[in-house]
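Trainee: The structure file query_23.cif (mmCIF, C-alpha atoms) is provided below.
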data_entry
loop_
_atom_site.label_atom_id
_atom_site.label_comp_id
_atom_site.auth_asym_id
_atom_site.auth_seq_id
_atom_site.Cartn_x
_atom_site.Cartn_y
_atom_site.Cartn_z
CA MET P 183 -56.95 1.69 -236.85
CA SER P 184 -56.85 -1.43 -239.05
CA GLU P 185 -54.63 -4.28 -237.85
CA VAL P 186 -52.69 -6.96 -239.68
CA VAL P 187 -51.25 -9.74 -237.55
CA LEU P 188 -48.26 -11.75 -238.78
CA LYS P 189 -47.51 -15.02 -236.97
CA PRO P 190 -44.14 -16.68 -237.75
CA LYS P 191 -44.65 -20.20 -239.03
CA GLY P 192 -41.44 -21.67 -237.67
CA ILE P 193 -37.70 -21.29 -237.25
CA ILE P 194 -36.02 -19.46 -240.14
CA ASP P 195 -32.55 -20.69 -241.07
CA ILE P 196 -31.35 -18.42 -243.91
CA MET P 197 -32.09 -14.75 -243.24
CA VAL P 198 -35.19 -13.28 -244.90
CA GLU P 199 -35.24 -9.73 -246.28
CA ALA P 200 -38.74 -8.38 -245.77
CA GLU P 201 -38.94 -4.65 -246.53
CA VAL P 202 -42.57 -5.30 -247.44
CA ILE P 203 -43.51 -5.55 -243.75
CA ASN P 204 -44.44 -1.91 -243.81
CA PRO P 205 -47.79 -0.06 -243.45
CA ASP P 206 -47.03 1.88 -246.65
CA VAL P 207 -46.86 -1.41 -248.56
CA PHE P 208 -49.78 -3.12 -246.79
CA ALA P 209 -52.18 -0.17 -247.17
CA GLY P 210 -55.15 -0.89 -249.44
CA LYS P 211 -54.36 -4.60 -249.75
CA THR P 212 -56.51 -7.58 -248.85
CA THR P 213 -55.24 -10.44 -246.70
CA SER P 214 -54.60 -12.50 -249.83
CA GLU P 215 -52.63 -9.71 -251.49
CA ILE P 216 -50.49 -9.25 -248.37
CA GLU P 217 -49.79 -13.00 -248.26
CA GLN P 218 -48.45 -12.84 -251.82
CA LEU P 219 -46.00 -9.98 -251.24
CA ILE P 220 -42.46 -10.93 -252.27
CA VAL P 221 -39.59 -11.38 -249.82
CA TRP P 222 -36.05 -12.59 -250.42
CA GLN P 223 -34.28 -15.52 -248.83
CA GLY P 224 -30.79 -15.63 -250.27
CA ALA P 225 -31.22 -15.65 -254.05
CA LYS P 226 -34.81 -16.91 -253.89
CA GLN P 227 -37.95 -14.84 -254.24
CA LEU P 228 -40.67 -16.22 -251.99
CA GLN P 229 -44.03 -15.05 -250.69
CA LEU P 230 -44.64 -13.55 -247.26
CA CYS P 231 -47.05 -16.38 -246.50
CA ASP P 232 -44.17 -18.88 -246.79
CA PHE P 233 -42.94 -17.50 -243.46
CA PHE P 234 -45.99 -15.95 -241.79
CA ASP P 235 -49.65 -16.65 -241.23
CA VAL P 236 -51.47 -13.42 -242.10
CA GLU P 237 -54.67 -12.22 -240.43
CA GLY P 238 -56.60 -9.01 -241.07
CA SER P 239 -56.46 -6.29 -243.70
CA ALA P 240 -54.60 -3.00 -243.65
CA GLY P 241 -57.30 -0.49 -244.51
CA SER P 242 -57.02 2.22 -247.11
CA SER P 243 -54.10 4.30 -245.80
CA ALA P 244 -50.76 3.70 -244.07
CA THR P 245 -51.67 6.28 -241.41
CA ASP P 246 -54.46 4.03 -240.16
CA ALA P 247 -52.54 0.76 -240.49
CA LYS P 248 -50.98 -1.22 -237.65
CA ILE P 249 -48.86 -4.31 -238.21
CA ILE P 250 -48.34 -6.71 -235.30
CA VAL P 251 -45.63 -9.35 -235.62
CA ARG P 252 -46.59 -11.91 -232.99
CA GLY P 253 -43.31 -13.60 -232.07
CA ASN P 254 -39.52 -13.50 -232.31
CA VAL P 255 -38.14 -12.77 -235.78
CA PRO P 256 -34.36 -12.27 -235.26
CA ARG P 257 -33.66 -13.63 -238.75
CA VAL P 258 -36.05 -11.32 -240.57
CA LYS P 259 -34.28 -8.20 -241.83
CA HIS P 260 -35.47 -4.73 -242.91
CA ILE P 261 -38.83 -4.74 -241.13
CA GLY P 262 -40.23 -1.22 -241.48
CA HIS P 263 -37.53 -0.11 -243.92
CA GLY P 264 -38.41 3.41 -245.08
CA ILE P 265 -41.71 3.50 -243.17
CA LYS P 266 -43.52 6.82 -243.66
CA ALA P 267 -46.64 6.39 -241.52
CA GLY P 268 -48.55 3.91 -239.41
CA GLU P 269 -47.37 1.59 -236.67
CA ILE P 270 -45.41 -1.65 -236.37
CA VAL P 271 -45.28 -3.67 -233.15
CA ILE P 272 -42.91 -6.65 -232.96
CA GLU P 273 -43.81 -8.84 -230.00
CA GLY P 274 -40.32 -10.28 -229.64
CA SER P 275 -36.86 -9.66 -231.04
CA ALA P 276 -36.21 -8.25 -234.52
CA GLY P 277 -33.47 -8.83 -237.07
CA MET P 278 -30.99 -6.44 -238.64
CA HIS P 279 -31.97 -3.10 -240.23
CA VAL P 280 -35.29 -2.72 -238.40
CA GLY P 281 -36.50 0.81 -239.09
CA SER P 282 -33.66 1.61 -241.50
CA GLU P 283 -34.29 4.86 -243.40
CA MET P 284 -37.62 5.34 -241.62
CA ILE P 285 -39.27 8.69 -242.34
CA GLY P 286 -42.30 8.67 -240.04
CA GLY P 287 -44.63 6.46 -238.06
CA SER P 288 -43.53 4.29 -235.14
CA ILE P 289 -41.90 0.92 -234.57
CA LEU P 290 -41.92 -0.84 -231.20
CA VAL P 291 -39.67 -3.87 -230.69
CA LYS P 292 -40.60 -5.76 -227.53
CA GLY P 293 -37.24 -7.47 -227.33
CA ASP P 294 -33.77 -7.11 -228.84
CA ALA P 295 -32.87 -5.69 -232.24
CA GLY P 296 -30.00 -6.65 -234.56
CA SER P 297 -27.35 -4.34 -235.96
CA TRP P 298 -28.07 -1.30 -238.15
CA ALA P 299 -31.40 -0.50 -236.48
CA GLY P 300 -32.64 2.94 -237.55
CA MET P 301 -29.82 3.32 -240.07
CA GLU P 302 -29.97 6.75 -241.79
CA MET P 303 -33.32 7.38 -240.12
CA LYS P 304 -35.03 10.67 -241.04
CA GLY P 305 -38.10 10.76 -238.78
CA GLY P 306 -40.53 8.80 -236.66
CA THR P 307 -39.87 6.83 -233.47
CA LEU P 308 -38.07 3.51 -233.07
CA HIS P 309 -38.36 2.03 -229.56
CA ILE P 310 -36.40 -1.10 -228.62
CA THR P 311 -37.25 -2.43 -225.16
CA GLY P 312 -34.28 -4.82 -225.03
CA ASN P 313 -30.71 -4.53 -226.31
CA ALA P 314 -29.52 -3.40 -229.73
CA GLY P 315 -26.57 -4.48 -231.88
CA ASP P 316 -23.87 -2.43 -233.59
CA HIS P 317 -24.35 0.67 -235.79
CA VAL P 318 -27.70 1.89 -234.46
CA GLY P 319 -28.68 5.11 -236.27
CA CYS P 320 -25.45 4.88 -238.25
CA ALA P 321 -24.49 5.66 -241.85
CA TYR P 322 -24.20 3.12 -244.65
CA ARG P 323 -20.72 1.77 -245.29
CA GLY P 324 -18.86 4.41 -247.31
CA SER P 325 -21.24 7.20 -246.29
CA TRP P 326 -20.46 9.98 -243.81
CA ARG P 327 -23.98 10.93 -242.75
CA GLY P 328 -26.05 8.71 -240.53
CA MET P 329 -29.34 9.45 -238.81
CA TYR P 330 -30.90 12.78 -239.89
CA GLY P 331 -33.93 13.03 -237.57
CA GLY P 332 -36.45 11.15 -235.48
CA ARG P 333 -35.95 9.40 -232.14
CA ILE P 334 -34.43 6.06 -231.21
CA LEU P 335 -35.13 4.77 -227.69
CA ILE P 336 -33.22 1.74 -226.41
CA ASP P 337 -34.17 0.56 -222.93
CA GLY P 338 -31.24 -1.83 -222.65
CA ASN P 339 -27.65 -1.71 -223.97
CA ALA P 340 -26.28 -0.96 -227.43
CA ARG P 341 -23.05 -2.21 -228.90
CA SER P 342 -20.45 -0.31 -230.94
CA GLN P 343 -20.60 2.75 -233.23
CA LEU P 344 -23.98 3.92 -232.00
CA GLY P 345 -25.00 7.03 -233.98
CA GLY P 346 -22.02 6.94 -236.32
CA GLY P 347 -22.10 10.01 -238.59
CA MET P 348 -25.25 11.26 -236.85
CA SER P 349 -26.58 14.46 -238.46
CA GLY P 350 -29.76 15.07 -236.46
CA GLY P 351 -32.41 13.54 -234.23
CA GLU P 352 -32.02 11.89 -230.84
CA ILE P 353 -30.84 8.55 -229.47
CA HIS P 354 -31.51 7.62 -225.83
CA VAL P 355 -29.95 4.49 -224.33
CA GLY P 356 -31.10 3.29 -220.92
CA GLY P 357 -28.10 1.02 -220.44
CA SER P 358 -24.48 1.09 -221.58
CA VAL P 359 -22.66 1.27 -224.92
CA GLU P 360 -19.39 -0.14 -226.20
CA ASN P 361 -16.79 1.29 -228.60
CA PHE P 362 -16.82 4.52 -230.65
CA PRO P 363 -20.37 5.71 -230.01
CA GLY P 364 -21.01 9.00 -231.80
CA ILE P 365 -18.04 8.56 -234.14
CA ARG P 366 -18.05 11.35 -236.80
CA MET P 367 -21.17 12.83 -235.18
CA ASN P 368 -21.93 16.33 -236.52
CA ASN P 369 -25.37 17.15 -235.08
CA GLY P 370 -28.13 15.74 -232.90
CA LEU P 371 -28.23 14.36 -229.36
CA ILE P 372 -27.15 11.04 -227.85
CA VAL P 373 -27.87 10.28 -224.18
CA VAL P 374 -26.41 7.16 -222.54
CA LYS P 375 -27.61 6.47 -218.99
CA GLY P 376 -24.97 3.82 -218.36
CA ASP P 377 -21.26 3.46 -219.19
CA ALA P 378 -19.21 3.70 -222.38
CA ILE P 379 -15.98 1.85 -223.13
CA ARG P 380 -13.89 4.06 -225.42
CA GLY P 381 -13.87 6.42 -228.39
CA VAL P 382 -16.93 8.43 -227.32
CA GLY P 383 -17.43 11.15 -229.94
CA ALA P 384 -14.25 10.34 -231.86
CA GLN P 385 -13.94 12.72 -234.86
CA MET P 386 -17.00 14.57 -233.59
CA SER P 387 -17.57 18.00 -235.20
CA GLY P 388 -20.94 18.94 -233.70
CA GLY P 389 -23.90 17.71 -231.69
CA THR P 390 -24.12 16.72 -228.03
CA PHE P 391 -23.23 13.42 -226.37
CA VAL P 392 -24.10 12.63 -222.73
CA VAL P 393 -22.74 9.77 -220.63
CA SER P 394 -24.35 9.50 -217.18
CA GLY P 395 -22.06 6.62 -216.22
CA LYS P 396 -18.33 6.02 -216.57
CA ILE P 397 -16.25 6.52 -219.70
CA LYS P 398 -13.52 3.92 -219.40
CA GLN P 399 -11.18 5.57 -221.92
CA LEU P 400 -11.76 9.20 -222.88
CA SER P 401 -10.86 10.20 -226.44
CA PRO P 402 -7.65 12.32 -226.34
CA GLY P 403 -9.10 15.09 -228.54
CA PHE P 404 -11.49 16.41 -225.88
CA GLU P 405 -10.84 19.36 -223.57
CA SER P 406 -12.68 20.09 -220.32
CA ILE P 407 -14.32 23.53 -220.12
CA GLY P 408 -15.81 23.21 -216.62
CA THR P 409 -18.81 21.59 -214.97
CA GLU P 410 -22.58 22.06 -215.15
CA LYS P 411 -25.30 20.97 -212.73
CA ASP P 412 -28.59 19.62 -214.15
CA PRO P 413 -27.92 20.90 -217.69
CA LYS P 414 -30.83 21.17 -220.12
CA ILE P 415 -30.30 20.23 -223.77
CA GLY P 416 -33.34 21.12 -225.83
CA GLU P 417 -36.23 19.36 -224.08
CA THR P 418 -33.91 16.92 -222.29
CA VAL P 419 -33.04 17.77 -218.67
CA LEU P 420 -30.10 15.91 -217.13
CA THR P 421 -29.86 15.19 -213.42
CA GLY P 422 -26.58 15.60 -211.56
CA GLU P 423 -23.28 17.36 -212.08
CA PHE P 424 -21.47 16.85 -215.37
CA ILE P 425 -18.01 17.62 -216.69
CA LYS P 426 -18.40 19.48 -219.98
CA PHE P 427 -15.92 18.85 -222.79
CA THR P 428 -15.50 20.21 -226.30
CA GLY P 429 -14.01 18.22 -229.16
CA ASP P 430 -12.81 16.53 -231.16
CA TYR P 431 -9.64 18.67 -231.46
CA ALA P 432 -8.00 15.76 -233.28
CA LEU P 433 -10.37 16.59 -236.16
CA SER P 434 -10.52 20.39 -236.03
CA LYS P 435 -8.97 23.37 -234.24
CA THR P 436 -12.48 24.79 -233.72
CA PRO P 437 -14.72 21.80 -232.99
CA LYS P 438 -18.35 22.32 -232.00
CA GLY P 439 -18.99 18.93 -230.42
CA ILE P 440 -20.09 18.86 -226.77
CA LEU P 441 -19.56 15.89 -224.45
CA TYR P 442 -21.09 15.73 -220.99
CA ALA P 443 -19.75 13.09 -218.60
CA SER P 444 -20.98 12.43 -215.06
CA LYS P 445 -18.60 14.08 -212.61
CA ASP P 446 -19.16 11.47 -209.89
CA ALA P 447 -18.41 8.57 -212.24
CA ASN P 448 -15.44 10.23 -213.95
CA GLU P 449 -13.56 12.06 -211.21
CA GLU P 450 -10.18 10.84 -212.43
CA VAL P 451 -10.69 12.37 -215.92
#
Show this structure as structure tokens.
Mentor:
Amino acid sequence: MSEVVLKPKGIIDIMVEAEVINPDVFAGKTTSEIEQLIVWQGAKQLQLCDFFDVEGSAGSSATDAKIIVRGNVPRVKHIGHGIKAGEIVIEGSAGMHVGSEMIGGSILVKGDAGSWAGMEMKGGTLHITGNAGDHVGCAYRGSWRGMYGGRILIDGNARSQLGGGMSGGEIHVGGSVENFPGIRMNNGLIVVKGDAIRGVGAQMSGGTFVVSGKIKQLSPGFESIGTEKDPKIGETVLTGEFIKFTGDYALSKTPKGILYASKDANEEV
């Protein structure tokens, strides 16, 4: 696999939009051609080499291309936007919209990620080893359908509206989430190993949401239909006893959404 290494040149003040950091764009280009790719900083068009030192060449196809961003780039947006193949490794934290609309390939963020990570994702794998911001796997503003497919893995915590409008795929969170995760979810799977604050699955019409920790405020439109021990959802096997809910009845009289909540952590529900 051919490798291109990008080394940030210094601290970035105004956010940079860099959809070009993508194996599909790099494929077939020389080091010089990659350096000259256009990025945006505010209203200015600048070259990638204004912000990164570039080493290596990408090879002939995206499938065989690997991009390594060697450092923290929290003010660089849209890395891997629409990626179809290949691999991106960010050795630090990433900015907003990392992996947005990705179709295939893989992105590994060895740190935190900003808001809108994996927005309207259709395939591939996005793995964030730290924490993530708001709207992971969510829909664009004004749209009702978020993530369609693929997998998002977050080892740490995620903030609010995780998986908003989710229509397929999987999101796994190793830590906790905040407000309205799974809002308007209609398909797919979300698993949260930690706690959730409120609004889990609000306006949910389908899909499955799992909370292995405590839900601080359960949405009123959910109805308990019993308990299950070590339930299996597709290829995902849960450990422990869970209260099983259906909902959201505030949205429909015949909802198909399923919410599992740890029985031990939610005995008062």
Trainee: Evaluate the PyMOL selection byres ((chain P and resi 367-380) around 7) on the structure here and hand back the selected residues as a ChimeraX atom specification.
Mentor: /P:346-362,364-366,381-383,386-401
Trainee: What's around region 271-276 of chain P at 6 Å? Count only C-alpha atoms, leave out sequence neighbours fewer than 5 positions away in its own chain, and write the answer as an MDAnalysis selection string.
Mentor: chainID P and resid 250:256 289:295
Trainee: I need the residue nearest Leu433 (chain P) from this list: P:Gly277, P:Glu283, P:Thr409, P:Phe404. Use all atoms listed in the file for the distance.
Mentor: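 Looking at the shortest contact to Leu433 (chain P), the residue is P:Phe404.
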Trainee: Kindly provide, as JSON, numbers by chain, the polymer residues lying within 9 Å of (-56.1, -11.1, -237.8), counting all atoms listed in the file and using the coordinates exactly as they appear in the file.
Mentor: {"P": [185, 186, 187, 188, 213, 236, 237, 238, 239]}
Trainee: What do you get, as a VMD selection string, if you spell out every residue that the PyMOL selection byres ((chain P and resi 446) around 9) selects here?
Mentor: chain P and resid 395 to 396 422 to 424 443 to 445 447 to 449
Trainee: Would you compute the distance between CA of Ile425 (chain P) and CA of Ala340 (chain P)? Give it in Å to one decimal.
Mentor: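 Going from CA of Ile425 (chain P) over to CA of Ala340 (chain P) covers 23.0 Å.
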Trainee: Which of these residues is nearest to Ala432 (chain P), using all atoms listed in the file: P:Leu420, P:Ile310, P:Ala299, P:Ala384?
Mentor: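 Among the listed residues, P:Ala384 lies closest to Ala432 (chain P).
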Trainee: Taking all atoms listed in the file into account, which of P:Gly287, P:Gly264, P:Ala225, P:Phe233 comes nearest Lys248 (chain P)?
Mentor: P:Gly287
Trainee: With only C-alpha atoms as the basis for distance, which of P:Val419, P:Ile193, P:Val221, P:Met278 is at the shortest distance from Lys259 (chain P)?
Mentor: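 Looking only at the distances to Lys259 (chain P), the closest residue turns out to be P:Met278.
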